[in-house]
Amino acid sequence: MLAEHRTELGFGRTLLALERTLMAWIRTDISLITFGFTMFKLLESIQQVSGSTVSQTAARNIGLALILLGVGTLIMAMLQFRIAMKKILVFTKSKPQPSISMITGAGLLFVALAMILNMLGIWKF
């Protein structure tokens, strides 16, 4: 009885650790995505004011690279989370609860996609 209780507590701690790890990745990816969008807007405004000879797409390319890096790492973190959760749920034999971290990550992916479409001129908002 006591061993089963300790095992359940161990699984609970592991699930919380997975959530914390995903949230850390989300924070990092938010930073990358917002920095990419900020660099895009900053370099775009500098080009307009100074009329620099830098390529017209340089600002967009730098911003897109940072945003895509953030999106790519977010997707990998979410996949890593799902794989680890499946492994843990095999042992617990319980129904998984909805993960707020995964919902947050999905929302961030939507926002990042909107930023990318805006930067490419496909969807203006």
# chains A, B, ... in the order shown; residues from 1 in each chain; ligands from 1
call {"tool": "residues_around", "arguments": {"residues": "Met115 (chain A)", "least_positions_apart": "4", "cutoff": "10 Å", "atoms": "only C-alpha atoms", "output": "mmCIF file with N, CA and C atoms, in the first residue's frame"}}
result
data_model
loop_
_atom_site.group_PDB
_atom_site.id
_atom_site.type_symbol
_atom_site.label_atom_id
_atom_site.label_comp_id
_atom_site.auth_asym_id
_atom_site.auth_seq_id
_atom_site.Cartn_x
_atom_site.Cartn_y
_atom_site.Cartn_z
ATOM 1 N N ILE A 33 10.713 34.376 -30.797
ATOM 2 C CA ILE A 33 9.706 34.854 -31.749
ATOM 3 C C ILE A 33 9.537 36.362 -31.647
ATOM 4 N N THR A 34 9.427 36.883 -30.433
ATOM 5 C CA THR A 34 9.243 38.329 -30.292
ATOM 6 C C THR A 34 10.498 39.092 -30.688
ATOM 7 N N GLY A 36 12.587 38.130 -33.004
ATOM 8 C CA GLY A 36 12.591 38.103 -34.465
ATOM 9 C C GLY A 36 11.654 39.142 -35.053
ATOM 10 N N PHE A 37 10.457 39.263 -34.490
ATOM 11 C CA PHE A 37 9.511 40.253 -34.995
ATOM 12 C C PHE A 37 10.013 41.671 -34.711
ATOM 13 N N GLY A 63 14.336 38.479 -39.364
ATOM 14 C CA GLY A 63 13.180 38.264 -38.499
ATOM 15 C C GLY A 63 12.575 36.887 -38.677
ATOM 16 N N LEU A 64 12.407 36.478 -39.928
ATOM 17 C CA LEU A 64 11.835 35.158 -40.200
ATOM 18 C C LEU A 64 12.713 34.032 -39.663
ATOM 19 N N ILE A 67 12.091 33.825 -35.939
ATOM 20 C CA ILE A 67 10.741 33.320 -35.667
ATOM 21 C C ILE A 67 10.659 31.830 -35.994
ATOM 22 N N LEU A 109 1.980 28.842 -31.249
ATOM 23 C CA LEU A 109 2.206 28.458 -32.650
ATOM 24 C C LEU A 109 1.273 29.227 -33.579
ATOM 25 N N PHE A 110 0.019 29.407 -33.173
ATOM 26 C CA PHE A 110 -0.933 30.163 -33.982
ATOM 27 C C PHE A 110 -0.477 31.613 -34.131
ATOM 28 N N VAL A 111 -0.056 32.233 -33.039
ATOM 29 C CA VAL A 111 0.402 33.624 -33.080
ATOM 30 C C VAL A 111 1.637 33.750 -33.971
ATOM 31 N N MET A 119 4.508 39.048 -42.045
ATOM 32 C CA MET A 119 5.811 39.470 -42.547
ATOM 33 C C MET A 119 5.961 39.175 -44.035
ATOM 34 N N LEU A 120 5.338 38.096 -44.489
ATOM 35 C CA LEU A 120 5.415 37.747 -45.910
ATOM 36 C C LEU A 120 4.395 38.504 -46.746
ATOM 37 N N GLY A 121 3.535 39.276 -46.086
ATOM 38 C CA GLY A 121 2.541 40.067 -46.817
ATOM 39 C C GLY A 121 1.332 39.276 -47.250
ATOM 40 N N TRP A 123 -1.038 37.924 -45.100
ATOM 41 C CA TRP A 123 -2.179 38.256 -44.248
ATOM 42 C C TRP A 123 -1.853 39.507 -43.470
ATOM 43 N N LYS A 124 -2.504 40.591 -43.790
ATOM 44 C CA LYS A 124 -2.258 41.869 -43.105
ATOM 45 C C LYS A 124 -3.238 42.034 -41.969
ATOM 46 N N PHE A 125 -2.733 42.405 -40.815
ATOM 47 C CA PHE A 125 -3.603 42.719 -39.677
ATOM 48 C C PHE A 125 -3.081 43.912 -38.940
#
call {"tool": "closest_atom_pairs", "arguments": {"of": "region 5-71 of chain A", "to": "region 78-90 of chain A", "cutoff": "8 Å", "atoms": "only C-alpha atoms", "output": "tab-separated table"}}
result
residue	atom	partner	partner_atom	distance
A:Phe11	CA	A:Ile88	CA	7.4
A:Leu15	CA	A:Met85	CA	7.5
A:Leu18	CA	A:Phe81	CA	6.6
A:Glu19	CA	A:Phe81	CA	8.0
A:Leu22	CA	A:Phe81	CA	6.8
call {"tool": "write_last_selection", "arguments": {"atoms": "N, CA and C atoms", "output": "mmCIF file, in the first residue's frame"}}
result
data_model
loop_
_atom_site.group_PDB
_atom_site.id
_atom_site.type_symbol
_atom_site.label_atom_id
_atom_site.label_comp_id
_atom_site.auth_asym_id
_atom_site.auth_seq_id
_atom_site.Cartn_x
_atom_site.Cartn_y
_atom_site.Cartn_z
ATOM 1 N N PHE A 11 5.105 9.492 -9.921
ATOM 2 C CA PHE A 11 4.552 9.812 -11.242
ATOM 3 C C PHE A 11 4.054 11.245 -11.275
ATOM 4 N N LEU A 15 5.287 14.129 -13.845
ATOM 5 C CA LEU A 15 4.374 14.887 -14.718
ATOM 6 C C LEU A 15 4.566 16.388 -14.535
ATOM 7 N N LEU A 18 7.696 17.468 -16.287
ATOM 8 C CA LEU A 18 7.481 17.591 -17.734
ATOM 9 C C LEU A 18 6.789 18.907 -18.067
ATOM 10 N N GLU A 19 5.788 19.280 -17.280
ATOM 11 C CA GLU A 19 5.094 20.549 -17.495
ATOM 12 C C GLU A 19 6.052 21.736 -17.340
ATOM 13 N N LEU A 22 8.353 21.964 -20.390
ATOM 14 C CA LEU A 22 7.666 22.518 -21.561
ATOM 15 C C LEU A 22 7.444 24.018 -21.394
#
call {"tool": "closest_residue", "arguments": {"among": "A:Leu69, A:Ala58, A:Ile103, A:Val49", "to": "Ser31 (chain A)", "atoms": "only C-alpha atoms"}}
result
A:Leu69
call {"tool": "select_by_dssp", "arguments": {"residues": "chain A", "states": "helix (DSSP H, G or I)", "output": "PyMOL selection string"}}
result
chain A and resi 2-50+58-92+100-119
call {"tool": "closest_residue", "arguments": {"among": "A:Met23, A:Ala106, A:Ala112, A:Ile100", "to": "Leu66 (chain A)", "atoms": "only C-alpha atoms"}}
result
A:Ala112
